[in-house]
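Novice: Dropping in my_file-v7.cif, which is mmCIF, C-alpha atoms:
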```
data_my_file
#
loop_
_atom_site.label_atom_id
_atom_site.label_comp_id
_atom_site.auth_asym_id
_atom_site.auth_seq_id
_atom_site.Cartn_x
_atom_site.Cartn_y
_atom_site.Cartn_z
CA MET A 17 -9.36 4.53 3.53
CA ILE A 18 -5.98 5.00 1.92
CA ALA A 19 -5.55 6.24 -1.59
CA MET A 20 -2.27 5.10 -3.07
CA HIS A 21 -0.05 7.41 -5.04
CA PRO A 22 0.99 6.09 -8.45
CA ALA A 23 4.56 6.07 -7.23
CA ALA A 24 3.52 3.74 -4.41
CA ALA A 25 3.74 6.46 -1.80
CA TRP A 26 0.56 7.16 0.04
CA SER A 27 -0.73 10.59 -0.56
CA GLN A 28 -3.99 10.85 1.30
CA SER A 29 -5.54 9.16 4.23
CA ALA A 30 -8.69 9.62 6.23
CA ALA A 31 -9.90 7.95 9.36
CA VAL A 32 -13.16 8.24 11.21
CA THR A 33 -13.33 6.94 14.76
CA LEU A 34 -16.49 6.77 16.81
CA THR A 35 -16.11 5.91 20.47
CA GLU A 36 -19.00 5.48 22.86
CA ALA A 37 -18.96 4.83 26.57
CA VAL A 38 -21.77 4.34 29.03
CA GLY A 39 -21.80 4.21 32.79
CA THR A 40 -24.34 3.70 35.52
CA ASN A 41 -24.35 4.08 39.25
CA ILE A 42 -26.99 2.79 41.59
CA THR A 43 -27.22 3.20 45.33
CA ASP A 44 -29.74 1.41 47.42
CA VAL A 45 -30.50 0.87 51.07
CA ASN A 46 -30.79 -2.51 52.66
CA GLY A 47 -32.62 -2.75 55.94
CA GLY A 48 -33.78 0.69 56.85
CA GLY A 49 -35.46 1.30 60.15
CA PHE A 50 -38.51 2.64 61.89
CA SER A 51 -39.13 4.81 64.85
CA ILE A 52 -42.15 5.35 67.04
CA VAL A 53 -42.51 8.47 69.07
CA SER A 54 -45.13 9.21 71.65
CA ASP A 55 -45.70 11.65 74.42
CA GLY A 56 -46.41 8.81 76.79
CA SER A 57 -50.09 8.41 76.09
CA LEU A 58 -49.50 5.39 73.90
CA ARG A 59 -50.20 2.07 75.55
CA HIS A 60 -48.62 -0.94 73.95
CA GLN A 61 -47.21 -4.16 75.26
CA GLY A 62 -45.47 -6.11 72.61
CA PRO A 63 -42.85 -5.84 69.94
CA LEU A 64 -42.41 -2.55 68.18
CA ASN A 65 -40.60 -3.74 65.12
CA ALA A 66 -39.90 -6.83 63.09
CA VAL A 67 -37.04 -7.54 60.76
CA VAL A 68 -38.24 -9.60 57.82
CA PRO A 69 -36.45 -10.99 54.78
CA ILE A 70 -37.40 -9.63 51.41
CA ASP A 71 -38.19 -12.24 48.80
CA SER A 72 -38.14 -9.97 45.78
CA VAL A 73 -36.86 -6.60 44.69
CA ASP A 74 -38.24 -4.57 41.86
CA ARG A 75 -36.18 -3.30 39.00
CA ALA A 76 -34.17 -0.19 38.52
CA ARG A 77 -34.50 1.34 35.08
CA ILE A 78 -32.23 3.99 33.60
CA VAL A 79 -32.82 5.34 30.12
CA ILE A 80 -30.82 8.17 28.58
CA ASN A 81 -31.59 9.33 25.08
CA ASP A 82 -33.55 6.15 24.41
CA VAL A 83 -30.54 4.03 25.35
CA VAL A 84 -31.49 1.59 28.09
CA LEU A 85 -28.51 1.57 30.44
CA MET A 86 -30.17 -0.50 33.14
CA ASN A 87 -33.39 -2.45 33.31
CA GLY A 88 -33.36 -5.02 36.04
CA VAL A 89 -32.22 -5.82 39.51
CA PRO A 90 -28.57 -4.98 40.10
CA LEU A 91 -26.51 -8.09 40.56
CA ALA A 92 -25.37 -7.18 44.05
CA VAL A 93 -28.94 -6.62 45.17
CA GLN A 94 -30.13 -9.87 43.62
CA GLU A 95 -27.38 -11.74 45.41
CA GLN A 96 -28.59 -10.27 48.68
CA VAL A 97 -32.10 -11.51 47.98
CA GLU A 98 -30.94 -15.01 47.09
CA SER A 99 -28.69 -15.29 50.12
CA GLY A 100 -31.36 -14.00 52.48
CA GLU A 101 -29.36 -10.92 53.35
CA ARG A 102 -31.95 -8.55 51.97
CA ARG A 103 -34.12 -7.45 54.85
CA ALA A 104 -36.61 -4.86 55.83
CA ASN A 105 -36.97 -3.40 59.27
CA THR A 106 -40.69 -2.99 59.60
CA LEU A 107 -43.17 -1.98 62.22
CA SER A 108 -44.57 -4.87 64.19
CA PRO A 109 -48.11 -5.97 63.23
CA ASP A 110 -48.82 -6.11 66.97
CA LEU A 111 -48.94 -2.33 66.96
CA VAL A 112 -52.56 -2.55 65.82
CA ASN A 113 -53.29 -3.49 69.43
CA ALA A 114 -51.78 -0.31 70.80
CA SER A 115 -54.17 2.23 72.26
CA MET A 116 -54.31 5.73 73.57
CA ASP A 117 -56.55 6.28 76.55
CA LEU A 118 -57.77 9.81 76.14
CA GLY A 119 -59.21 9.99 79.64
CA ASP A 120 -58.14 13.29 81.11
CA GLN A 121 -55.53 13.84 78.45
CA ASN A 122 -55.41 17.28 76.99
CA ASN A 123 -52.48 16.53 74.73
CA VAL A 124 -51.68 13.43 72.73
CA ALA A 125 -48.98 12.87 70.16
CA VAL A 126 -47.78 9.86 68.28
CA GLY A 127 -45.67 9.34 65.25
CA ILE A 128 -44.22 6.56 63.17
CA GLY A 129 -41.72 6.71 60.40
CA GLY A 130 -38.41 5.58 59.13
CA GLN A 131 -36.50 4.44 56.12
CA VAL A 132 -37.43 1.62 53.82
CA PRO A 133 -35.01 -0.49 51.78
CA THR A 134 -35.09 0.76 48.25
CA TYR A 135 -33.05 2.58 45.64
CA VAL A 136 -31.94 6.00 46.77
CA LYS A 137 -29.83 7.07 43.79
CA LEU A 138 -29.87 6.30 40.09
CA GLY A 139 -27.43 7.79 37.66
CA GLY A 140 -26.15 7.23 34.18
CA ILE A 141 -23.87 8.82 31.65
CA LEU A 142 -23.62 8.47 27.91
CA GLU A 143 -20.45 9.70 26.25
CA SER A 144 -19.49 9.70 22.63
CA GLN A 145 -16.56 10.96 20.65
CA ARG A 146 -16.36 11.30 16.89
CA SER A 147 -12.92 11.93 15.50
CA VAL A 148 -12.11 12.60 11.87
CA VAL A 149 -8.48 12.80 10.79
CA MET A 150 -7.40 13.53 7.25
CA SER A 151 -3.87 14.02 6.08
CA GLY A 152 -2.01 14.16 2.81
CA GLN A 153 1.25 14.84 1.16
CA SER A 154 1.97 17.76 -1.07
CA PHE A 155 4.43 18.30 -3.84
CA THR A 156 5.38 21.56 -5.32
CA THR A 157 5.50 22.09 -9.05
CA PHE A 158 8.59 24.25 -8.79
CA PRO A 159 11.55 22.05 -9.51
CA ASP A 160 13.92 24.05 -7.34
CA ASN A 161 11.78 23.48 -4.32
CA LYS A 162 11.79 20.15 -2.56
CA PRO A 163 9.90 17.96 -2.71
CA SER A 164 8.76 18.71 -6.20
CA VAL A 165 6.85 16.75 -8.75
CA PHE A 166 9.60 17.74 -11.13
CA SER A 167 13.27 17.27 -10.70
CA ARG A 168 15.54 19.63 -12.59
CA SER A 169 18.30 17.07 -12.59
CA ILE A 170 16.48 14.81 -15.07
CA LEU A 171 14.67 17.40 -17.16
CA PRO A 172 16.22 17.97 -20.59
CA MET B 6 13.45 4.32 3.53
CA PHE B 7 14.19 6.72 0.75
CA PRO B 8 17.80 7.33 -0.31
CA SER B 9 19.43 10.62 0.49
CA ASN B 10 20.44 13.10 -2.15
CA ALA B 11 24.10 12.28 -1.50
CA ASP B 12 23.46 8.61 -2.21
CA CYS B 13 21.75 9.38 -5.48
CA GLN B 14 24.38 11.92 -6.51
CA ALA B 15 27.09 9.35 -5.81
CA ARG B 16 25.33 6.96 -8.12
CA THR B 17 24.92 9.48 -10.97
CA THR B 18 28.46 10.92 -10.80
CA GLY B 19 30.15 7.55 -10.75
CA LEU B 20 31.78 8.02 -7.40
CA LYS B 21 32.91 4.80 -5.95
CA LYS B 22 30.37 4.19 -3.36
CA ILE B 23 28.61 0.98 -2.64
CA VAL B 24 25.05 1.38 -3.80
CA SER B 25 22.75 -1.55 -3.49
CA PRO B 26 20.40 -2.48 -6.39
CA ALA B 27 17.41 -1.67 -4.19
CA LEU B 28 18.85 1.74 -3.42
CA ALA B 29 19.47 2.34 -7.10
CA ALA B 30 15.85 1.51 -7.86
CA LEU B 31 14.69 3.90 -5.22
CA CYS B 32 16.90 6.58 -6.72
CA LEU B 33 15.34 6.01 -10.11
CA SER B 34 11.82 6.12 -8.78
CA SER B 35 12.47 9.12 -6.61
CA ALA B 36 14.40 11.00 -9.24
CA SER B 37 11.25 12.59 -10.48
CA LEU B 38 10.20 13.33 -6.94
CA GLY B 39 13.48 14.67 -5.68
CA ARG B 40 12.88 13.42 -2.11
CA PRO B 41 10.17 11.80 -0.17
CA ALA B 42 7.06 13.83 0.06
CA LEU B 43 6.67 15.80 3.19
CA ALA B 44 3.57 15.64 5.29
CA GLY B 45 1.19 18.08 3.80
CA PRO B 46 -2.09 19.43 5.02
CA THR B 47 -3.83 17.70 7.87
CA LEU B 48 -7.29 18.22 9.18
CA GLU B 49 -8.43 16.90 12.51
CA SER B 50 -11.97 17.29 13.71
CA THR B 51 -13.07 15.99 17.09
CA GLU B 52 -16.50 16.21 18.65
CA ASN B 53 -17.19 15.10 22.19
CA SER B 54 -20.55 14.87 23.83
CA ALA B 55 -21.50 13.73 27.29
CA ILE B 56 -25.00 13.35 28.60
CA GLY B 57 -25.55 12.49 32.21
CA ALA B 58 -28.51 12.21 34.51
CA GLN B 59 -28.85 11.53 38.17
CA ALA B 60 -31.76 11.26 40.54
CA THR B 61 -31.90 10.81 44.26
CA PHE B 62 -34.88 9.40 46.07
CA ASN B 63 -36.13 10.03 49.53
CA ASN B 64 -36.65 6.65 51.15
CA SER B 65 -37.97 8.04 54.40
CA TRP B 66 -41.59 8.26 55.27
CA ALA B 67 -43.33 9.36 58.42
CA GLN B 68 -46.74 10.03 59.85
CA THR B 69 -47.17 12.06 62.96
CA PHE B 70 -50.27 13.02 64.82
CA GLU B 71 -50.80 15.50 67.59
CA ALA B 72 -53.88 16.92 69.22
CA LYS B 73 -54.58 19.39 72.01
CA GLY B 74 -57.80 20.07 73.83
CA ASN B 75 -60.64 18.19 75.48
CA MET B 76 -60.69 15.00 73.44
CA SER B 77 -63.21 12.21 73.24
CA ILE B 78 -64.37 9.43 70.96
CA GLU B 79 -68.09 9.03 70.51
CA HIS B 80 -68.24 5.44 69.36
CA ALA B 81 -65.68 3.98 71.69
CA SER B 82 -65.03 4.04 75.37
CA GLY B 83 -62.59 6.87 75.15
CA VAL B 84 -59.89 4.68 73.69
CA LEU B 85 -58.12 5.64 70.51
CA ILE B 86 -56.56 2.90 68.40
CA PRO B 87 -53.94 4.90 66.50
CA PHE B 88 -52.55 2.26 64.13
CA GLN B 89 -53.98 0.04 61.48
CA GLN B 90 -52.53 -2.62 59.28
CA VAL B 91 -52.51 -2.10 55.53
CA THR B 92 -53.31 -5.20 53.56
CA THR B 93 -54.71 -3.79 50.36
CA THR B 94 -52.85 -2.37 47.42
CA SER B 95 -54.69 0.91 47.55
CA ALA B 96 -52.75 2.32 50.45
CA VAL B 97 -49.42 0.62 50.56
CA LEU B 98 -46.12 2.02 51.61
CA PRO B 99 -43.94 2.84 48.65
CA ASN B 100 -40.97 0.63 49.02
CA SER B 101 -39.60 -1.69 46.43
CA GLY B 102 -41.48 -0.52 43.38
CA LEU B 103 -39.79 0.19 40.11
CA ALA B 104 -37.26 2.97 40.41
CA GLU B 105 -36.96 4.74 37.11
CA LEU B 106 -34.85 7.50 35.63
CA VAL B 107 -35.50 8.65 32.08
CA ALA B 108 -33.63 11.56 30.57
CA THR B 109 -33.32 12.95 27.09
CA VAL B 110 -31.01 15.65 25.83
CA SER B 111 -31.65 16.70 22.27
CA ASN B 112 -30.56 19.37 19.83
CA LEU B 113 -27.30 19.72 21.66
CA SER B 114 -25.23 22.51 20.16
CA SER B 115 -23.02 25.38 21.17
CA GLU B 116 -26.23 27.34 21.73
CA GLY B 117 -27.55 24.86 24.27
CA GLY B 118 -30.05 22.07 23.97
CA ASN B 119 -33.32 20.61 25.12
CA VAL B 120 -33.59 18.60 28.31
CA GLN B 121 -36.37 16.31 29.41
CA ALA B 122 -36.23 14.06 32.43
CA SER B 123 -38.37 12.22 34.91
CA ALA B 124 -37.69 10.06 37.92
CA SER B 125 -40.02 8.09 40.11
CA ILE B 126 -40.46 5.18 42.45
CA ASN B 127 -43.59 3.22 41.76
CA PRO B 128 -45.53 2.97 45.02
CA GLY B 129 -46.98 -0.35 44.06
CA ALA B 130 -45.28 -2.78 46.36
CA LEU B 131 -45.74 -3.70 49.96
CA VAL B 132 -42.84 -3.61 52.33
CA GLY B 133 -40.88 -6.76 51.77
CA GLY B 134 -42.62 -7.62 48.54
CA THR B 135 -45.55 -9.98 49.00
CA ASN B 136 -44.47 -12.08 51.93
CA THR B 137 -44.98 -9.73 54.80
CA PRO B 138 -48.01 -7.89 56.11
CA ASN B 139 -45.98 -5.52 58.21
CA ASN B 140 -47.39 -2.30 56.91
CA ILE B 141 -48.57 -0.06 59.68
CA VAL B 142 -50.04 3.38 59.21
CA LEU B 143 -52.07 5.77 61.31
CA SER B 144 -55.60 4.47 61.58
CA ALA B 145 -58.23 5.92 59.32
CA SER B 146 -61.09 4.20 61.15
CA SER B 147 -64.10 6.39 61.81
CA VAL B 148 -64.95 4.22 64.82
CA ASN B 149 -61.81 4.33 66.91
CA GLY B 150 -59.21 5.83 64.64
CA LEU B 151 -58.06 9.36 64.18
CA PRO B 152 -61.16 10.54 62.28
CA ALA B 153 -63.28 9.53 65.26
CA LEU B 154 -61.48 11.89 67.56
CA GLN B 155 -63.53 14.83 68.78
CA ILE B 156 -62.02 17.92 70.35
CA THR B 157 -64.34 20.10 72.38
CA PRO B 158 -63.49 23.68 73.19
CA GLY B 159 -63.24 24.50 76.83
CA THR B 160 -65.86 26.49 78.73
CA GLY B 161 -63.47 29.16 79.87
CA ASP B 162 -62.88 32.51 78.28
CA SER B 163 -60.17 30.96 76.20
CA SER B 164 -58.96 27.49 75.37
CA VAL B 165 -56.42 25.96 73.10
CA ILE B 166 -57.42 23.22 70.69
CA GLY B 167 -55.74 21.88 67.64
CA ALA B 168 -54.70 18.82 65.76
CA SER B 169 -52.25 18.00 63.04
CA ILE B 170 -51.44 15.07 60.85
CA ILE B 171 -48.21 15.36 58.93
CA GLY B 172 -46.88 12.87 56.47
CA THR B 173 -43.64 12.51 54.58
CA ASN B 174 -43.70 10.35 51.51
CA ILE B 175 -41.15 8.46 49.52
CA GLY B 176 -40.35 9.80 46.11
CA THR B 177 -37.96 11.75 43.95
CA ASP B 178 -35.81 14.12 45.92
CA THR B 179 -33.49 15.61 43.30
CA LEU B 180 -33.19 15.26 39.56
CA GLN B 181 -30.25 16.52 37.56
CA VAL B 182 -29.53 16.27 33.87
CA THR B 183 -26.43 17.57 32.17
CA GLY B 184 -25.36 17.73 28.57
CA SER B 185 -22.09 18.97 27.18
CA LEU B 186 -20.77 19.28 23.68
CA GLY B 187 -17.23 20.07 22.67
CA SER B 188 -15.74 20.30 19.22
CA SER B 189 -12.34 21.16 17.87
CA VAL B 190 -10.98 21.55 14.37
CA VAL B 191 -7.28 21.68 13.67
CA ASN B 192 -6.23 22.46 10.12
CA THR B 193 -2.52 22.30 9.43
CA LEU B 194 -1.14 23.62 6.19
CA THR B 195 2.43 23.26 5.04
CA ALA B 196 3.82 25.81 2.62
CA PHE B 197 7.10 25.27 0.88
#
```
Please express what this file holds, its structure, as structure tokens.

Specialist:
Amino acid sequence: MIAMHPAAAWSQSAAVTLTEAVGTNITDVNGGGFSIVSDGSLRHQGPLNAVVPIDSVDRARIVINDVVLMNGVPLAVQEQVESGERRANTLSPDLVNASMDLGDQNNVAVGIGGQVPTYVKLGGILESQRSVVMSGQSFTTFPDNKPSVFSRSILP
Amino acid sequence: MFPSNADCQARTTGLKKIVSPALAALCLSSASLGRPALAGPTLESTENSAIGAQATFNNSWAQTFEAKGNMSIEHASGVLIPFQQVTTTSAVLPNSGLAELVATVSNLSSEGGNVQASASINPGALVGGTNTPNNIVLSASSVNGLPALQITPGTGDSSVIGASIIGTNIGTDTLQVTGSLGSSVVNTLTAF
């Protein structure tokens, strides 16, 4: 908004600027892996793991101060699904046939575990800046000072 | 461009100096002003705010089992079947469920503010979505699974028995929310 001085010189101005910026970061794991540990009492003949393609990935949702920064599958992840590059390293279903013969065992131990392909980090940031700038021009009423609203040279 | 005082004085005193009509008009209009107005007071106010949130998720899970002592299984021929396949939605491995981060920072001021946040991974999806049955967990069968295992104390003066089942689940590992507010006011006054 600019208010014009009667003498066509601007005298006051004001500006309000609102700037907002948002950012997101998402990290996910593709593939993962499993491990099987045993003290030797486990009996199993067959595959231990199976790598399978994933046909769908659920959404990632990031909301900060009611502003939805992300609500869907990240493009890079979706491209992996569509190209068949999204996979999961899973335990083999044949493991249900594994057995542990207790017999004379006095100690048995078995464990399974690993990492699954999913999101491991979600982050977002919401920044805003509000800037108000006002400026003006001033004139003194003393004619001997410059600039003045009066000029002694033209006063009677 | 406003004329200088020398230009205007040359015009009023009749000195021979080339003065353009436009310059003469400017001299007339600026005669009452003396010279162009100087920049006067300025006020600048800036307020910055930044709200950030970040969550990390543990995508590792594990189940381990260990037992010591004289072990047997009543309903089976001494054979333990340690694994079972999960095919129902009641005991699935958390994998590709909705990962969600929700954070709110309110009443942000120089005194602080209020922070609310939550993060989660919905454990509602099987590994690989719906196209794979490869979900293996420690067996919960009371016939030949871990619950069927019996450990009998020894007959000696002392014996060692024990069992443990330890699990690590997928879920939120860390959750961090930050809010910052900065403001500045610059007031410039010109005195003359």

Novice: Go through B:Asn127, B:Ser115, B:Gln68, B:Ser144 one by one, measure the shortest atom-to-atom distance of each to Phe88 of chain B using only C-alpha atoms, and give the residue with the smallest value.

Specialist: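 Of the candidates, the smallest distance to Phe88 of chain B is held by B:Ser144.
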
Novice: So what does the PyMOL selection byres ((chain A) within 6 of (chain B)) actually pick up in this one, as a tab-separated table (two decimals) with C-alpha atoms, keeping the file's coordinate frame?

Specialist:
```
chain	number	residue	atom	x	y	z
A	70	ILE	CA	-37.40	-9.63	51.41
A	72	SER	CA	-38.14	-9.97	45.78
A	73	VAL	CA	-36.86	-6.60	44.69
A	74	ASP	CA	-38.24	-4.57	41.86
A	75	ARG	CA	-36.18	-3.30	39.00
A	76	ALA	CA	-34.17	-0.19	38.52
A	77	ARG	CA	-34.50	1.34	35.08
A	78	ILE	CA	-32.23	3.99	33.60
A	79	VAL	CA	-32.82	5.34	30.12
A	80	ILE	CA	-30.82	8.17	28.58
A	81	ASN	CA	-31.59	9.33	25.08
A	109	PRO	CA	-48.11	-5.97	63.23
A	112	VAL	CA	-52.56	-2.55	65.82
A	115	SER	CA	-54.17	2.23	72.26
A	116	MET	CA	-54.31	5.73	73.57
A	117	ASP	CA	-56.55	6.28	76.55
A	118	LEU	CA	-57.77	9.81	76.14
A	122	ASN	CA	-55.41	17.28	76.99
A	123	ASN	CA	-52.48	16.53	74.73
A	124	VAL	CA	-51.68	13.43	72.73
A	125	ALA	CA	-48.98	12.87	70.16
A	126	VAL	CA	-47.78	9.86	68.28
A	127	GLY	CA	-45.67	9.34	65.25
A	128	ILE	CA	-44.22	6.56	63.17
A	129	GLY	CA	-41.72	6.71	60.40
A	130	GLY	CA	-38.41	5.58	59.13
A	131	GLN	CA	-36.50	4.44	56.12
A	132	VAL	CA	-37.43	1.62	53.82
A	134	THR	CA	-35.09	0.76	48.25
A	136	VAL	CA	-31.94	6.00	46.77
A	137	LYS	CA	-29.83	7.07	43.79
A	138	LEU	CA	-29.87	6.30	40.09
A	139	GLY	CA	-27.43	7.79	37.66
A	140	GLY	CA	-26.15	7.23	34.18
A	141	ILE	CA	-23.87	8.82	31.65
A	142	LEU	CA	-23.62	8.47	27.91
A	143	GLU	CA	-20.45	9.70	26.25
A	144	SER	CA	-19.49	9.70	22.63
A	145	GLN	CA	-16.56	10.96	20.65
A	146	ARG	CA	-16.36	11.30	16.89
A	147	SER	CA	-12.92	11.93	15.50
A	148	VAL	CA	-12.11	12.60	11.87
A	149	VAL	CA	-8.48	12.80	10.79
A	150	MET	CA	-7.40	13.53	7.25
A	151	SER	CA	-3.87	14.02	6.08
A	152	GLY	CA	-2.01	14.16	2.81
A	153	GLN	CA	1.25	14.84	1.16
A	154	SER	CA	1.97	17.76	-1.07
A	163	PRO	CA	9.90	17.96	-2.71
A	164	SER	CA	8.76	18.71	-6.20
A	165	VAL	CA	6.85	16.75	-8.75
A	166	PHE	CA	9.60	17.74	-11.13
A	167	SER	CA	13.27	17.27	-10.70
```

Novice: In Å, with one decimal, what is the gap from atom CA of Pro69 of chain A to atom CA of Gly100 of chain A?

Specialist: 6.3 Å

Novice: Just the number, please: distance in Å from atom CA of Asp120 of chain A to atom CA of His80 of chain B, one decimal.

Specialist: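 Taking atom CA of Asp120 of chain A and atom CA of His80 of chain B, their separation equals 17.4 Å.
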
Novice: Have a look at atom CA of Glu95 of chain A and atom CA of Ser108 of chain A and let me know their distance in Å, one decimal.

Specialist: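 Computed distance, atom CA of Glu95 of chain A to atom CA of Ser108 of chain A, equals 26.4 Å.
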
Novice: What's around Pro63 of chain A at 12 Å? Count only C-alpha atoms, leave out sequence neighbours fewer than 6 positions away in its own chain, and write the answer as a ChimeraX atom specification.

Specialist: /A:52,106-114

Novice: Find the axis-aligned box for segment 140-151 of chain B, covering all its listed atoms and adding 3 Å on each side, and write its centre and edge lengths in Å to one decimal as AutoDock Vina command-line options.

Specialist:
```
--center_x -56.2 --center_y 3.5 --center_z 61.9 --size_x 23.6 --size_y 17.7 --size_z 16.0
```

Novice: Name the closest residue to Val148 of chain B among the candidates B:Glu79, B:Asn112, B:Ser163, B:Gly117; distances are taken between atoms, counting only C-alpha atoms.

Specialist: B:Glu79
